[in-house]
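Asks: Structure file structure-v4.txt (compact mmCIF, C-alpha atoms and all ligand atoms) is given on the next line.
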```txt
# COMPACT_ATOMS: atom_id res chain seq x y z
CA MET A 1 -15.05 -14.55 -45.71
CA ARG A 2 -18.18 -16.67 -45.52
CA ILE A 3 -17.86 -19.15 -48.35
CA ALA A 4 -20.66 -21.40 -49.60
CA MET A 5 -19.59 -24.43 -51.66
CA ILE A 6 -22.36 -26.10 -53.63
CA SER A 7 -21.78 -29.69 -54.70
CA GLU A 8 -25.17 -31.18 -55.53
CA HIS A 9 -24.20 -34.84 -56.03
CA ALA A 10 -20.70 -35.06 -54.56
CA SER A 11 -20.77 -34.90 -50.79
CA PRO A 12 -17.45 -34.48 -48.99
CA LEU A 13 -18.74 -37.13 -46.56
CA ALA A 14 -19.29 -39.86 -49.21
CA VAL A 15 -17.46 -43.17 -49.52
CA LEU A 16 -15.29 -42.97 -52.67
CA GLY A 17 -14.69 -45.30 -55.59
CA GLU A 18 -18.30 -46.02 -56.55
CA GLU A 19 -19.79 -44.82 -59.81
CA ASP A 20 -20.71 -41.24 -58.88
CA ALA A 21 -18.19 -40.68 -56.06
CA GLY A 22 -14.62 -39.77 -56.94
CA GLY A 23 -12.46 -36.74 -57.50
CA GLN A 24 -15.11 -34.07 -56.98
CA ASN A 25 -15.89 -35.40 -53.50
CA THR A 26 -12.19 -35.35 -52.58
CA HIS A 27 -11.75 -31.90 -54.13
CA VAL A 28 -14.66 -30.37 -52.20
CA ALA A 29 -13.61 -31.98 -48.89
CA GLU A 30 -9.95 -30.93 -49.17
CA LEU A 31 -10.70 -27.47 -50.48
CA ALA A 32 -13.26 -26.77 -47.74
CA ALA A 33 -10.72 -27.87 -45.11
CA ALA A 34 -7.95 -25.74 -46.64
CA LEU A 35 -10.23 -22.68 -46.81
CA VAL A 36 -11.05 -23.13 -43.11
CA GLY A 37 -7.28 -23.37 -42.53
CA ALA A 38 -6.91 -20.03 -44.33
CA GLY A 39 -9.34 -18.46 -41.84
CA HIS A 40 -12.62 -18.65 -43.77
CA ASP A 41 -16.05 -19.76 -42.55
CA VAL A 42 -17.16 -22.53 -44.95
CA ARG A 43 -20.45 -24.35 -45.54
CA VAL A 44 -20.84 -27.12 -48.13
CA TYR A 45 -24.34 -27.65 -49.54
CA THR A 46 -25.08 -31.09 -50.98
CA ARG A 47 -28.29 -32.90 -51.83
CA ARG A 48 -29.94 -34.94 -49.08
CA ASP A 49 -29.76 -38.46 -50.52
CA SER A 50 -30.87 -40.42 -47.46
CA THR A 51 -33.62 -39.95 -44.88
CA THR A 52 -31.14 -40.70 -42.10
CA LEU A 53 -28.90 -37.66 -42.78
CA PRO A 54 -29.08 -34.78 -40.28
CA ASP A 55 -29.80 -31.27 -41.64
CA ALA A 56 -26.22 -30.23 -40.93
CA VAL A 57 -23.00 -31.96 -39.90
CA SER A 58 -19.97 -30.21 -38.40
CA THR A 59 -16.80 -31.89 -39.68
CA PRO A 60 -13.56 -32.31 -37.71
CA ASP A 61 -11.92 -30.07 -40.35
CA GLY A 62 -14.06 -27.16 -39.21
CA TYR A 63 -16.54 -26.76 -42.07
CA GLN A 64 -20.23 -27.57 -42.03
CA VAL A 65 -22.07 -29.84 -44.48
CA CYS A 66 -25.73 -28.87 -45.05
CA HIS A 67 -28.05 -31.48 -46.57
CA VAL A 68 -30.44 -29.74 -48.95
CA PRO A 69 -33.87 -31.29 -49.51
CA ALA A 70 -34.21 -31.35 -53.31
CA GLY A 71 -35.79 -34.39 -54.94
CA PRO A 72 -36.21 -37.80 -53.30
CA ALA A 73 -34.23 -38.45 -50.11
CA GLY A 74 -32.62 -41.48 -51.72
CA ARG A 75 -29.94 -42.30 -54.27
CA VAL A 76 -30.56 -40.72 -57.68
CA PRO A 77 -27.94 -41.12 -60.46
CA ARG A 78 -26.08 -37.87 -61.11
CA ASP A 79 -27.39 -37.53 -64.65
CA GLU A 80 -31.00 -37.61 -63.40
CA LEU A 81 -30.66 -34.75 -60.91
CA LEU A 82 -31.41 -31.84 -63.26
CA PRO A 83 -35.18 -31.68 -62.49
CA TYR A 84 -34.36 -30.98 -58.83
CA MET A 85 -31.93 -28.09 -59.35
CA GLY A 86 -34.72 -25.45 -59.29
CA GLU A 87 -35.80 -26.72 -55.88
CA PHE A 88 -32.15 -26.77 -54.76
CA GLY A 89 -31.63 -23.15 -55.89
CA ARG A 90 -34.84 -21.92 -54.23
CA TRP A 91 -33.83 -23.60 -50.97
CA LEU A 92 -30.42 -21.89 -51.09
CA ALA A 93 -31.96 -18.49 -51.86
CA GLU A 94 -34.39 -18.87 -48.99
CA ALA A 95 -31.64 -19.93 -46.54
CA TRP A 96 -29.33 -17.07 -47.56
CA ARG A 97 -32.13 -14.52 -47.52
CA ARG A 98 -33.06 -15.39 -43.92
CA GLY A 99 -29.84 -13.61 -43.05
CA ASP A 100 -28.44 -15.76 -40.21
CA TRP A 101 -25.65 -16.98 -42.56
CA THR A 102 -25.42 -15.21 -45.90
CA PRO A 103 -22.25 -16.07 -47.83
CA ASP A 104 -19.88 -13.48 -49.29
CA VAL A 105 -19.35 -15.78 -52.26
CA ALA A 106 -20.86 -19.05 -53.53
CA HIS A 107 -18.60 -21.54 -55.33
CA ALA A 108 -20.49 -24.15 -57.38
CA HIS A 109 -18.95 -27.51 -58.32
CA PHE A 110 -20.28 -29.18 -61.53
CA TRP A 111 -22.72 -27.55 -63.93
CA MET A 112 -25.89 -28.66 -62.18
CA SER A 113 -24.74 -27.02 -58.95
CA GLY A 114 -23.96 -23.99 -61.13
CA LEU A 115 -27.62 -23.73 -62.15
CA ALA A 116 -28.85 -23.85 -58.55
CA THR A 117 -26.16 -21.40 -57.44
CA VAL A 118 -26.80 -18.83 -60.18
CA HIS A 119 -30.52 -18.99 -59.33
CA ALA A 120 -29.80 -18.32 -55.65
CA GLY A 121 -27.10 -15.74 -56.41
CA ARG A 122 -29.44 -13.67 -58.59
CA ARG A 123 -32.07 -13.62 -55.86
CA THR A 124 -29.74 -12.72 -53.02
CA GLY A 125 -26.93 -10.69 -54.60
CA VAL A 126 -24.33 -13.31 -53.60
CA PRO A 127 -21.44 -13.45 -56.15
CA THR A 128 -20.95 -16.79 -57.88
CA VAL A 129 -17.95 -18.85 -59.00
CA LEU A 130 -18.08 -22.13 -60.92
CA THR A 131 -15.72 -25.09 -61.31
CA TYR A 132 -17.06 -27.44 -63.99
CA HIS A 133 -14.98 -30.52 -62.99
CA ALA A 134 -16.07 -32.14 -66.28
CA LEU A 135 -17.45 -30.80 -69.55
CA GLY A 136 -20.38 -32.12 -71.57
CA THR A 137 -18.63 -31.41 -74.88
CA VAL A 138 -15.70 -33.65 -73.95
CA LYS A 139 -17.98 -36.39 -72.63
CA ARG A 140 -20.11 -36.31 -75.78
CA ARG A 141 -17.00 -36.47 -78.00
CA HIS A 142 -15.77 -39.61 -76.25
CA GLN A 143 -18.97 -41.39 -75.32
CA GLY A 144 -21.23 -40.45 -78.22
CA ALA A 145 -24.62 -42.13 -77.92
CA ARG A 146 -23.63 -43.74 -74.60
CA ASP A 147 -23.45 -40.34 -72.91
CA THR A 148 -26.27 -40.29 -70.35
CA SER A 149 -26.05 -36.53 -69.65
CA PRO A 150 -29.32 -34.57 -69.92
CA PRO A 151 -29.74 -33.28 -73.50
CA GLY A 152 -29.37 -29.58 -72.62
CA ARG A 153 -26.06 -29.97 -70.76
CA ILE A 154 -23.74 -28.34 -73.29
CA GLY A 155 -26.01 -25.32 -73.72
CA TYR A 156 -26.34 -24.87 -69.96
CA GLU A 157 -22.57 -25.12 -69.53
CA ARG A 158 -21.99 -22.49 -72.20
CA ALA A 159 -24.55 -20.13 -70.61
CA LEU A 160 -23.12 -20.68 -67.13
CA GLY A 161 -19.68 -19.60 -68.36
CA ARG A 162 -21.15 -16.13 -68.85
CA ALA A 163 -23.66 -16.11 -65.99
CA VAL A 164 -21.21 -16.66 -63.12
CA ASP A 165 -18.79 -14.00 -61.92
CA ARG A 166 -15.74 -16.22 -62.48
CA VAL A 167 -15.00 -19.67 -63.88
CA VAL A 168 -12.30 -21.56 -62.02
CA VAL A 169 -10.54 -23.92 -64.43
CA GLN A 170 -8.17 -26.67 -63.41
CA CYS A 171 -5.88 -27.19 -66.40
CA GLU A 172 -4.80 -25.73 -69.74
CA ASP A 173 -6.81 -28.29 -71.68
CA GLU A 174 -9.99 -27.08 -69.97
CA VAL A 175 -9.12 -23.47 -70.90
CA ARG A 176 -8.93 -24.52 -74.58
CA GLU A 177 -12.23 -26.41 -74.41
CA LEU A 178 -14.03 -23.48 -72.81
CA VAL A 179 -12.60 -20.94 -75.26
CA ARG A 180 -13.91 -23.18 -78.07
CA MET A 181 -17.32 -23.08 -76.38
CA GLY A 182 -17.28 -19.28 -76.38
CA VAL A 183 -16.40 -18.61 -72.73
CA PRO A 184 -14.05 -15.59 -72.69
CA ARG A 185 -10.57 -16.31 -71.30
CA SER A 186 -10.85 -13.13 -69.20
CA ARG A 187 -13.62 -14.77 -67.15
CA MET A 188 -11.41 -17.69 -66.15
CA ALA A 189 -8.96 -18.20 -63.30
CA LEU A 190 -6.64 -21.22 -63.55
CA VAL A 191 -6.31 -22.86 -60.14
CA PRO A 192 -5.32 -26.55 -60.18
CA SER A 193 -6.43 -28.96 -57.46
CA GLY A 194 -4.01 -29.86 -54.71
CA VAL A 195 -3.10 -33.12 -53.04
CA ASN A 196 -3.11 -33.83 -49.32
CA GLN A 197 0.56 -34.32 -48.55
CA ASP A 198 -0.14 -35.55 -45.00
CA VAL A 199 -2.07 -38.53 -46.40
CA PHE A 200 -0.16 -38.96 -49.67
CA ARG A 201 3.52 -39.07 -48.74
CA PRO A 202 6.47 -41.30 -49.63
CA ASP A 203 6.84 -42.76 -46.13
CA GLY A 204 4.18 -44.67 -44.16
CA PRO A 205 2.42 -48.03 -44.13
CA VAL A 206 2.60 -50.17 -47.27
CA ALA A 207 -0.15 -52.55 -48.43
CA PRO A 208 1.00 -56.20 -48.52
CA ARG A 209 2.69 -57.31 -51.74
CA ASP A 210 4.84 -60.03 -53.23
CA PRO A 211 8.38 -58.59 -53.17
CA ALA A 212 9.47 -60.92 -55.98
CA ARG A 213 6.98 -59.59 -58.53
CA PRO A 214 6.73 -56.01 -59.87
CA ARG A 215 3.42 -54.32 -59.10
CA ILE A 216 1.56 -51.75 -61.16
CA LEU A 217 -1.43 -49.99 -59.65
CA THR A 218 -4.40 -48.33 -61.31
CA VAL A 219 -7.07 -46.42 -59.38
CA GLY A 220 -10.51 -45.04 -60.08
CA ARG A 221 -14.24 -45.44 -60.37
CA MET A 222 -15.33 -48.57 -62.26
CA VAL A 223 -16.33 -46.82 -65.45
CA GLU A 224 -15.10 -47.64 -68.93
CA ARG A 225 -13.42 -44.30 -69.62
CA LYS A 226 -10.94 -44.86 -66.78
CA GLY A 227 -9.16 -47.28 -69.13
CA PHE A 228 -8.91 -50.34 -66.86
CA LEU A 229 -9.64 -52.62 -69.84
CA ASP A 230 -6.74 -51.04 -71.76
CA VAL A 231 -4.44 -51.73 -68.80
CA VAL A 232 -5.50 -55.40 -68.82
CA ARG A 233 -4.92 -55.55 -72.60
CA ALA A 234 -1.41 -54.12 -72.05
CA LEU A 235 -0.48 -56.78 -69.48
CA PRO A 236 0.58 -59.60 -71.84
CA ALA A 237 3.42 -57.24 -72.94
CA VAL A 238 4.54 -56.86 -69.30
CA PRO A 239 5.36 -60.41 -68.17
CA ASP A 240 5.43 -61.50 -64.51
CA THR A 241 3.90 -58.23 -63.31
CA GLU A 242 0.97 -57.97 -60.94
CA CYS A 243 -1.73 -55.41 -61.72
CA VAL A 244 -3.79 -54.10 -58.79
CA VAL A 245 -7.04 -52.24 -59.49
CA VAL A 246 -8.37 -50.05 -56.65
CA GLY A 247 -11.90 -48.64 -56.86
CA GLY A 248 -15.45 -49.73 -57.55
CA PRO A 249 -17.82 -51.12 -54.94
CA PRO A 250 -16.53 -52.57 -51.64
CA ALA A 251 -14.63 -55.86 -52.09
CA ASP A 252 -17.54 -58.10 -51.03
CA LEU A 253 -19.80 -56.60 -53.71
CA LEU A 254 -17.25 -56.84 -56.56
CA PRO A 255 -18.48 -60.24 -57.84
CA ALA A 256 -21.90 -58.70 -58.52
CA ASP A 257 -20.52 -55.60 -60.26
CA ALA A 258 -21.00 -55.71 -64.04
CA PHE A 259 -17.85 -53.74 -64.88
CA ALA A 260 -15.67 -55.69 -62.46
CA ARG A 261 -16.92 -58.86 -64.19
CA ARG A 262 -15.91 -57.38 -67.57
CA ILE A 263 -12.39 -56.77 -66.27
CA THR A 264 -12.13 -60.34 -64.96
CA ALA A 265 -13.49 -61.86 -68.17
CA LEU A 266 -11.06 -59.82 -70.29
CA ALA A 267 -8.15 -60.81 -68.02
CA GLU A 268 -9.09 -64.47 -68.55
CA SER A 269 -9.26 -64.11 -72.33
CA CYS A 270 -5.87 -62.28 -72.35
CA GLY A 271 -4.34 -65.06 -70.23
CA VAL A 272 -3.45 -62.70 -67.36
CA ALA A 273 -6.22 -63.49 -64.84
CA ASP A 274 -3.69 -64.76 -62.26
CA ARG A 275 -1.96 -61.35 -62.36
CA VAL A 276 -4.96 -59.03 -62.04
CA LYS A 277 -6.16 -58.28 -58.52
CA LEU A 278 -9.35 -56.26 -57.92
CA VAL A 279 -9.33 -54.71 -54.47
CA GLY A 280 -12.63 -52.76 -54.54
CA SER A 281 -13.06 -49.36 -52.92
CA VAL A 282 -10.48 -48.31 -50.36
CA PRO A 283 -11.07 -45.60 -47.71
CA ARG A 284 -9.19 -42.40 -48.48
CA GLU A 285 -6.94 -42.70 -45.42
CA GLN A 286 -5.68 -46.11 -46.67
CA MET A 287 -5.05 -45.01 -50.26
CA GLY A 288 -1.45 -43.97 -49.53
CA SER A 289 -0.50 -47.52 -48.50
CA TRP A 290 -1.72 -48.85 -51.88
CA TYR A 291 0.19 -46.23 -53.88
CA ARG A 292 3.35 -46.90 -51.86
CA SER A 293 3.06 -50.64 -52.52
CA ALA A 294 3.41 -50.10 -56.28
CA ASP A 295 6.46 -49.78 -58.53
CA LEU A 296 4.46 -47.52 -60.77
CA LEU A 297 1.02 -46.01 -61.14
CA VAL A 298 -0.80 -46.42 -64.44
CA ALA A 299 -3.44 -43.76 -65.17
CA ALA A 300 -4.84 -44.70 -68.58
CA PRO A 301 -8.14 -42.81 -68.97
CA TRP A 302 -9.64 -42.02 -72.39
CA TYR A 303 -10.10 -38.45 -71.17
CA GLU A 304 -9.63 -36.83 -67.77
CA PRO A 305 -10.87 -33.36 -66.74
CA PHE A 306 -8.15 -33.13 -64.08
CA GLY A 307 -7.20 -36.47 -62.50
CA LEU A 308 -6.30 -36.55 -58.82
CA THR A 309 -4.85 -40.06 -58.83
CA PRO A 310 -1.63 -39.17 -60.75
CA LEU A 311 -1.03 -36.37 -58.23
CA GLU A 312 -1.60 -38.75 -55.33
CA GLY A 313 0.80 -41.32 -56.79
CA MET A 314 3.44 -38.64 -57.41
CA ALA A 315 3.05 -37.37 -53.82
CA CYS A 316 3.72 -40.94 -52.60
CA GLY A 317 6.93 -41.05 -54.63
CA VAL A 318 5.54 -43.37 -57.31
CA PRO A 319 6.34 -42.69 -60.98
CA VAL A 320 3.37 -42.47 -63.36
CA VAL A 321 2.64 -43.87 -66.79
CA GLY A 322 -0.35 -41.88 -67.97
CA SER A 323 -2.52 -41.03 -70.95
CA ASN A 324 -1.61 -37.73 -72.59
CA VAL A 325 -5.07 -36.25 -71.99
CA GLY A 326 -6.69 -33.43 -70.02
CA GLY A 327 -5.16 -32.44 -66.70
CA ILE A 328 -2.62 -35.27 -66.83
CA THR A 329 -0.65 -33.33 -69.45
CA ASP A 330 -0.24 -30.50 -66.89
CA THR A 331 0.52 -32.61 -63.82
CA VAL A 332 2.80 -35.29 -65.31
CA VAL A 333 5.77 -33.87 -67.22
CA ASP A 334 6.56 -36.37 -69.95
CA GLY A 335 10.10 -37.71 -69.59
CA LEU A 336 10.67 -35.87 -66.30
CA THR A 337 8.10 -37.06 -63.73
CA GLY A 338 6.56 -39.87 -65.76
CA ASP A 339 5.80 -41.16 -69.24
CA LEU A 340 2.76 -40.17 -71.29
CA VAL A 341 1.21 -42.33 -74.01
CA PRO A 342 -1.82 -41.91 -76.28
CA PRO A 343 -5.13 -42.99 -74.73
CA ARG A 344 -6.82 -46.25 -75.79
CA ASP A 345 -3.53 -47.66 -77.07
CA PRO A 346 -2.72 -50.84 -75.08
CA ARG A 347 0.35 -51.51 -77.23
CA ALA A 348 1.95 -48.14 -76.41
CA LEU A 349 0.88 -48.51 -72.79
CA GLY A 350 2.42 -51.98 -72.49
CA THR A 351 5.71 -50.83 -74.01
CA ALA A 352 5.94 -47.79 -71.72
CA ILE A 353 5.19 -49.86 -68.60
CA ARG A 354 7.66 -52.61 -69.54
CA LYS A 355 10.46 -50.13 -70.24
CA LEU A 356 9.94 -48.15 -67.05
CA LEU A 357 9.71 -51.28 -64.89
CA ALA A 358 13.04 -52.40 -66.36
CA ASP A 359 14.76 -49.11 -65.52
CA LYS A 360 15.13 -48.59 -61.79
CA VAL A 361 17.30 -45.48 -62.17
CA ARG A 362 14.71 -43.71 -64.32
CA ARG A 363 11.93 -44.65 -61.90
CA PHE A 364 13.93 -43.12 -59.05
CA ALA A 365 14.64 -39.96 -61.06
CA TYR A 366 10.93 -39.60 -62.00
CA ALA A 367 9.81 -40.14 -58.40
CA THR A 368 12.24 -37.50 -57.11
CA ALA A 369 11.24 -34.94 -59.73
CA ALA A 370 7.55 -35.73 -59.14
CA LEU A 371 7.89 -35.04 -55.41
CA ASP A 372 9.56 -31.70 -56.13
CA ARG A 373 6.75 -30.78 -58.49
CA ILE A 374 4.05 -31.73 -55.98
CA ARG A 375 5.67 -29.81 -53.13
CA SER A 376 6.17 -26.65 -55.17
CA ARG A 377 2.83 -26.55 -57.02
CA TYR A 378 0.09 -28.81 -55.74
CA SER A 379 -0.70 -28.13 -52.09
CA TRP A 380 -4.30 -27.45 -51.02
CA LYS A 381 -2.92 -24.49 -49.04
CA ARG A 382 -1.71 -22.91 -52.29
CA CYS A 383 -5.03 -23.72 -53.96
CA ALA A 384 -6.94 -22.07 -51.07
CA GLU A 385 -4.71 -18.96 -51.27
CA GLN A 386 -5.29 -18.58 -55.00
CA LEU A 387 -9.03 -19.08 -54.60
CA SER A 388 -9.19 -16.61 -51.70
CA ALA A 389 -7.85 -13.99 -54.13
CA VAL A 390 -10.50 -14.96 -56.72
CA TYR A 391 -13.29 -14.78 -54.11
CA ALA A 392 -12.06 -11.40 -52.83
CA ALA A 393 -12.01 -10.03 -56.39
CA VAL A 394 -15.59 -11.09 -57.22
CA ALA A 395 -16.96 -10.05 -53.83
CA THR A 396 -15.96 -6.42 -54.36
CA VAL A 397 -17.57 -6.05 -57.80
CA ALA A 398 -20.74 -3.93 -57.80
CA ARG A 399 -23.76 -5.98 -58.92
CA PRO A 400 -27.42 -5.30 -59.77
CA ALA A 401 -30.03 -5.39 -57.02
CA PRO A 402 -31.20 -8.93 -56.33
CA ALA A 403 -34.07 -10.22 -58.47
CA VAL A 404 -37.39 -10.66 -56.70
CA ALA A 405 -38.27 -14.35 -56.07
N1 LIG A 501 -10.52 -42.98 -54.41
C1 LIG A 501 -10.60 -43.49 -53.13
N2 LIG A 501 -10.89 -44.81 -52.97
C2 LIG A 501 -11.09 -45.64 -54.02
C3 LIG A 501 -10.99 -45.11 -55.34
C4 LIG A 501 -10.70 -43.77 -55.51
O1 LIG A 501 -10.42 -42.78 -52.14
O2 LIG A 501 -11.33 -46.82 -53.79
C5 LIG A 501 -10.22 -41.55 -54.59
C6 LIG A 501 -8.84 -41.29 -55.19
O3 LIG A 501 -7.84 -41.39 -54.20
C7 LIG A 501 -9.03 -39.89 -55.76
C8 LIG A 501 -10.48 -39.90 -56.23
O4 LIG A 501 -11.12 -40.99 -55.55
O5 LIG A 501 -8.87 -38.92 -54.74
C9 LIG A 501 -10.59 -40.10 -57.73
O6 LIG A 501 -10.32 -38.88 -58.36
P1 LIG A 501 -9.91 -38.71 -59.87
O7 LIG A 501 -9.77 -37.24 -60.11
O8 LIG A 501 -8.70 -39.54 -60.18
O9 LIG A 501 -11.10 -39.33 -60.73
P2 LIG A 501 -12.68 -38.98 -60.82
O10 LIG A 501 -13.35 -39.93 -59.90
O11 LIG A 501 -12.87 -37.56 -60.43
O12 LIG A 501 -13.05 -39.22 -62.25
```
In structure tokens, what does this structure look like?

Replies:
Amino acid sequence: MRIAMISEHASPLAVLGEEDAGGQNTHVAELAAALVGAGHDVRVYTRRDSTTLPDAVSTPDGYQVCHVPAGPAGRVPRDELLPYMGEFGRWLAEAWRRGDWTPDVAHAHFWMSGLATVHAGRRTGVPTVLTYHALGTVKRRHQGARDTSPPGRIGYERALGRAVDRVVVQCEDEVRELVRMGVPRSRMALVPSGVNQDVFRPDGPVAPRDPARPRILTVGRMVERKGFLDVVRALPAVPDTECVVVGGPPADLLPADAFARRITALAESCGVADRVKLVGSVPREQMGSWYRSADLLVAAPWYEPFGLTPLEGMACGVPVVGSNVGGITDTVVDGLTGDLVPPRDPRALGTAIRKLLADKVRRFAYATAALDRIRSRYSWKRCAEQLSAVYAAVATVARPAPAVA
């Protein structure tokens, strides 16, 4: 099949760890590669956010990335991209109508891409699929007045759930959220993300560490909801342990980063500054060496639509202490592949980390069970196979004649 993937802000070619570049970029890159591996012809459409980008780039994984001119050819925060989605959708419709490469199905990632994709789909007859990646209702619940999403987000997300041919959800928690929003369960297909088991594996290079001191690792974009401050608050209850934080801007820019400075200031006031090490963003191909250097991975977000980092840690044979939220409750089996604790509870987090660090046998048992779980359930190949079936099903459904532009 010819498969279009639309990911307006998250390019598969981006450097990860910064504020708007994380799991969705990884997801789109890995999924596109796996779909090519399954024999499909794949193009990823993302917004042109620099004047130096070529119109199209052919990747070594065999898919093409097309840079769509919509809005300024410069960096625009994700939450300010809505005004350009009409332009994005018209560009897609025009490109697909020209007929040199018309997709059999278009898979949108994130609600704003969904708007552009539905617009283009209606004008060209191309079937549409949507993965939300994150939901406005959940964000609003946790961030309240600090949520910078455009005001209409929740309404658009609800409407998109009925406008697309299929909604691809990533975890059971997302199913419940969408049902509460009024999206019928029958429109959803549950297909979790995978993890690249060539990059994330138990053997391979290990980042330097002090062998005499236990190491916990936490990974993610430098945003408050990732729970880094809760991890620092938990540290006094875990004596003599080093805490490594991967993510954020590159190391040389960390001193100027406001959130990195908050972490450092909190570490000083908790008396653990000598044990907290901020590494900055790490290229994807080096991430495995950081996971493997740790005795355990702490994933302590306030909420998490899916959460690739626990999967990556598990694939590297590292046990996880995680928050019992979102996708983490599907991927980490409490008491079998890791320990789950309530979010925003540094006391519970500290206790869980201390106990697991003190129990080598349990860590080994968790790591072994986690690897089994990853190998049997979370490959990108499996994800691509399941999605191929979804795409085939929507592509054969009769649809109304395309709307006139
Ligand atoms: N990541 C990375 N380098 C970094 C920080 C993060 O490559 O310095 C990757 C990480 O390995 C994972 C993704 O960014 O693949 C983060 O995904 P996750 O689902 O955990 O969080 P999100 O960013 O989507 O909220």

Asks: Between A:Asp372, A:Leu387, A:Arg382, A:Cys316, which one has atoms that come closest to Gln197 in chain A, using only C-alpha atoms?

Replies: A:Cys316

Asks: Which neighbours of Ala120 in chain A fall inside 12 Å, counting all atoms listed in the file, when residues of the same chain fewer than 3 positions from it are skipped, and could you give them as a PyMOL selection string?

Replies: chain A and resi 4+6+85-97+102-103+105-108+113-117+123-128+164+402-405

Asks: Could you write out the selected residues, including C-alpha atoms, as a PDB file, in the coordinates of the input?

Replies:
```
ATOM      1  CA  ALA A   4     -20.660 -21.400 -49.600  1.00  0.00           C
ATOM      2  CA  ILE A   6     -22.360 -26.100 -53.630  1.00  0.00           C
ATOM      3  CA  MET A  85     -31.930 -28.090 -59.350  1.00  0.00           C
ATOM      4  CA  GLY A  86     -34.720 -25.450 -59.290  1.00  0.00           C
ATOM      5  CA  GLU A  87     -35.800 -26.720 -55.880  1.00  0.00           C
ATOM      6  CA  PHE A  88     -32.150 -26.770 -54.760  1.00  0.00           C
ATOM      7  CA  GLY A  89     -31.630 -23.150 -55.890  1.00  0.00           C
ATOM      8  CA  ARG A  90     -34.840 -21.920 -54.230  1.00  0.00           C
ATOM      9  CA  TRP A  91     -33.830 -23.600 -50.970  1.00  0.00           C
ATOM     10  CA  LEU A  92     -30.420 -21.890 -51.090  1.00  0.00           C
ATOM     11  CA  ALA A  93     -31.960 -18.490 -51.860  1.00  0.00           C
ATOM     12  CA  GLU A  94     -34.390 -18.870 -48.990  1.00  0.00           C
ATOM     13  CA  ALA A  95     -31.640 -19.930 -46.540  1.00  0.00           C
ATOM     14  CA  TRP A  96     -29.330 -17.070 -47.560  1.00  0.00           C
ATOM     15  CA  ARG A  97     -32.130 -14.520 -47.520  1.00  0.00           C
ATOM     16  CA  THR A 102     -25.420 -15.210 -45.900  1.00  0.00           C
ATOM     17  CA  PRO A 103     -22.250 -16.070 -47.830  1.00  0.00           C
ATOM     18  CA  VAL A 105     -19.350 -15.780 -52.260  1.00  0.00           C
ATOM     19  CA  ALA A 106     -20.860 -19.050 -53.530  1.00  0.00           C
ATOM     20  CA  HIS A 107     -18.600 -21.540 -55.330  1.00  0.00           C
ATOM     21  CA  ALA A 108     -20.490 -24.150 -57.380  1.00  0.00           C
ATOM     22  CA  SER A 113     -24.740 -27.020 -58.950  1.00  0.00           C
ATOM     23  CA  GLY A 114     -23.960 -23.990 -61.130  1.00  0.00           C
ATOM     24  CA  LEU A 115     -27.620 -23.730 -62.150  1.00  0.00           C
ATOM     25  CA  ALA A 116     -28.850 -23.850 -58.550  1.00  0.00           C
ATOM     26  CA  THR A 117     -26.160 -21.400 -57.440  1.00  0.00           C
ATOM     27  CA  ARG A 123     -32.070 -13.620 -55.860  1.00  0.00           C
ATOM     28  CA  THR A 124     -29.740 -12.720 -53.020  1.00  0.00           C
ATOM     29  CA  GLY A 125     -26.930 -10.690 -54.600  1.00  0.00           C
ATOM     30  CA  VAL A 126     -24.330 -13.310 -53.600  1.00  0.00           C
ATOM     31  CA  PRO A 127     -21.440 -13.450 -56.150  1.00  0.00           C
ATOM     32  CA  THR A 128     -20.950 -16.790 -57.880  1.00  0.00           C
ATOM     33  CA  VAL A 164     -21.210 -16.660 -63.120  1.00  0.00           C
ATOM     34  CA  PRO A 402     -31.200  -8.930 -56.330  1.00  0.00           C
ATOM     35  CA  ALA A 403     -34.070 -10.220 -58.470  1.00  0.00           C
ATOM     36  CA  VAL A 404     -37.390 -10.660 -56.700  1.00  0.00           C
ATOM     37  CA  ALA A 405     -38.270 -14.350 -56.070  1.00  0.00           C
TER      38      ALA A 405
END
```

Asks: What gap, in Å, lies between CA of Trp111 in chain A and CA of Glu157 in chain A?

Replies: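 Calculated distance between CA of Trp111 in chain A and CA of Glu157 in chain A is 6.1 Å.
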
Asks: To test the calculation: enclose all listed atoms of range 44-48 of chain A in a box whose edges run along x, y and z, add 8 Å on each side, then state centre and edge lengths in Å to one decimal, as lines of an AutoDock Vina configuration file.

Replies:
```
center_x = -25.4
center_y = -31.0
center_z = -50.0
size_x = 25.1
size_y = 23.8
size_z = 19.7
```

Asks: Here is a test: counting only C-alpha atoms and all ligand atoms, which residue of A:Gly194, A:Gly23, A:Gly74, A:Gly99 is nearest to ligand LIG 501 (chain A)?

Replies: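 Among A:Gly194, A:Gly23, A:Gly74, A:Gly99, it is A:Gly23 that comes nearest to ligand LIG 501 (chain A).
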
Asks: Which distance in Å separates CA of Ala234 in chain A and CA of Ala348 in chain A, to one decimal?

Replies: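 We find that CA of Ala234 in chain A and CA of Ala348 in chain A lie 8.1 Å from each other.
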
Asks: Just the number, please: distance in Å from CA of Ala315 in chain A to CA of Phe200 in chain A, one decimal.

Replies: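 Result for CA of Ala315 in chain A versus CA of Phe200 in chain A: 5.5 Å, one decimal.
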
Asks: Give the residues close to ligand LIG 501 (chain A), within 8 Å, counting all atoms listed in the file; write them as an MDAnalysis selection string.

Replies: chainID A and resid 15:18 20:27 133 219:221 226 246:249 280:287 304:310 312

Asks: Which one of A:His67, A:Arg225, A:Arg98, A:Arg158 sits closest to Arg146 in chain A if you count all atoms listed in the file?

Replies: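 Nearest candidate to Arg146 in chain A out of A:His67, A:Arg225, A:Arg98, A:Arg158: A:Arg225.
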